[in-house]
Every structure is written in structure tokens, then in C-alpha cells.
Amino acid sequence: MTAAVERSAVAPVSGVEPAGTALRRPAAQEGRRPVWQRVLFVCALVGAAVIFMLPFVWLIGASLRPREYVFAPGFLPVPFAPDNYADAWRAAPLVTWLLNSVVVGVAAAAAVTLSSAWVAFGFAYFRFPGRNLLFGLVLATMMLPFAVTMIPTYLIWSELRLTGTQVPLWAGNLFGSAFYIFLLRQFLLSLPREYFEAARVDGASYPQLFWKLAFPLIRPALLVAFVFEFKASWTDLLKPLIYLRDEHLYTLPRGLKVVLDRFGYGGEQQWEVVLAGSVIATVPMIILFFLAQRHFIEGIATTGRKG
């Protein structure tokens with residue numbers, strides 16, 4: 001039975017294109033476009049990329065200038081002061097905050113990805129009365145701003161005596177997220193139902209359908225959800241401000257708030273330290289995107305083909 005399930009997971013099905021085929025077709029169509037259209041398209045992309053990169057380029061340049069030249073016009077680090085990064089490492093426990101952010105980010109992303117995938121599989125596979133209504137209610141939770149649930153959520157964690165720990169920063173993701181449930185459900189609906197029916201005939205249980213059949217087929221979408229949530233956790237400041245009190249438990253955004261309060265507004269006016277810390281906080285996300293870029297784009301391109 002297990003072998004039959006694994007064969008079903010990798011066997012090609014007529015009428016369903018592999019993700020790579022879907023990604024290659026636009027490239028073939030691109031070759032048939034007039035040259036001027038391709039040149040115009042590339043110029044538009046380059047222009048948009050330059051516009052979006054300018055703030056980060058300025059941030060890097062300003063972080064490498066002496067204090068009195070931080071806000072000087074231009075993008076080049078002139079005069080050049082690389083010691084700003086050493087000062088930032090000495091001014092705050094950035095290594096500890098980086099590790100805390102990695103731990104919290106991985107826990108939050110893994111929790112919301114797995115829980116949302118399991119719920120999405122239920123909505124995509126099972127047929128039961130009221131399914132669409134229940135799914136609509138799940139999507140309706142996206143309309144609630146965080147401020148509405150902030151106080152009740154804090155009271156729950158307070159009753160559990162978990163305030164002051166990192167648990168509230170990621171444990172809430174164990175209940176899934178409406179956005180990721182929607183995203184993964186759309187991906188699961190694009191899979192042929194015959195896959196799952198054949199596995200059921202062979203005796204596969206529902207957990208086996210999910211782990212041995214659906215899970216390997218939706219890896220690109222899972223990676224999209226993981227990267228999205230890791231980025232959201234990495235840049236989240238509000239939750240750490242609410243729940244964390246011990247400096248050794250701070251995540252990087254919470255720690256940078258301390259650096260900003262000390263060296264920025266109303267502090268010692270050492271903006272070069274603040275900017276250097278901001279660059280250090282940004283670089284890991286850029287590295288993560290480049291490492292996952294191929295799978296990330298594949299997941300975006302192949303999600304939501306079937307509603």
C-alpha cells in the first residue's frame with residue numbers, strides 16, 4: 001500500500017503540467033515578442049528595481065560614514081568609516097538577538113505552515129455540508145485587525161503564565177492562518193483527485209494521504225508560506241514589545257528599538273550605530289530570499305490555478 005501511495009505521488013497524470021513546464025512556457029512566448037517590447041520590458045524592470053533598491057543603497061552608504069556625515073547628500077560612503085559595524089556589535093548583544101530571531105522565526109514559520117497545510121488539506125479533499133460556509137468564516141477572520149484580538153490574546157497568555165517568554169511570539173501559529181490556508185487550499189485543488197482516490201483504494205489512511213501524497217506535491221507552496229511567515233516574524237516589533245521584558249530574550253527588531261532609543265531619538269545621536277544595526281538586520285532576509293528564490297518563484301507561479 002505504501003509503495004502504491006509513493007508511486008501515485010510521483011507518477012505523471014495526463015492533463016496536469018509539471019511546475020517546470022508552466023515556468024518554461026512564458027520563456028518560449030517571450031522569444032516571439034518584438035525586440036522593442038522586450039527592451040521596453042527589461043528597462044521597466046530595471047527602473048523599478050533601481051527605485052526599490054535606492055533606500056537600501058542609501059542605508060548601506062550612510063552606515064559606513066562618520067557620525068557627522070551620516071545625513072550628507074549622496075549614496076557613496078565618503079568619508080569611509082567601516083568601524084561603525086564594530087561599534088554596533090559592541091554597543092548591543094546583536095548575536096543573541098539574531099539567534100533569538102532565527103529561533104522564533106523558524107518556530108513560527110514551521111508551526112503556521114504545517115497547521116495551515118493540514119487545515120487546507122481538509123478543505124480541499126473532504127466534501128461535507130457547509131464546507132464553503134466554514135471556509136468563508138475562516139477567510140472572514142482576515143478582516144479582523146491585530147488590535148482587536150491583541151488584549152484578549154494577551155490575557156490568555158497571561159493566564160497561562162507565559163508572558164515574558166518567547167512562546168507567545170510563535171505558539172499562536174499552531175492554530176494556522178487564514179491567508180496560508182487559502183493559499184495552500186488553492187494549490188491542493190490543482191492536484192488531481194484521482195491521486196487520492198487511488199491511494200484510498202490501496203488502503204491509505206487520511207494522515208498517509210497528507211504526509212505521503214499531498215505533502216511532497218505542495219512543497220513549493222509550503223516554501224512560499226514558510227518564507228512569508230519567517231519574514232513576518234523577523235520584522236515583527238509589536239509582539240516582542242508586548243511580551244518580552246528580558247533583554248536576553250529580545251528578537252532583533254525589539255533589540256533595534258532599544259538601540260534606537262539609546263543612540264537615536266533623544267539619545268546619544270549616534271545614528272551610524274543605528275544604521276549599521278539596521279543593515280545587519282536586513283542582510284539575513286536578503287540571503288534567505290536568494291537561497292529560496294527558485295522554489296519561491298515556482299510556488300508563486302503554480303499556486304491558485306484552480307479555484
# chains A, B, ... in the order shown; residues from 1 in each chain; ligands from 1

$ residues_around --residues "range 49-56 of chain A" --least-positions-apart "3" --cutoff "12 Å" --atoms "only C-alpha atoms" --output "PyMOL selection string"
chain A and resi 42-46+59-63+74-76+275-276+278-283+286

$ select_by_dssp --residues "range 62-226 of chain A" --states "helix (DSSP H, G or I)" --output "ChimeraX atom specification"
/A:62-63,67-69,83-91,94-125,131-143,146-159,167-169,171-175,178-189,193-201,206-217,219-226
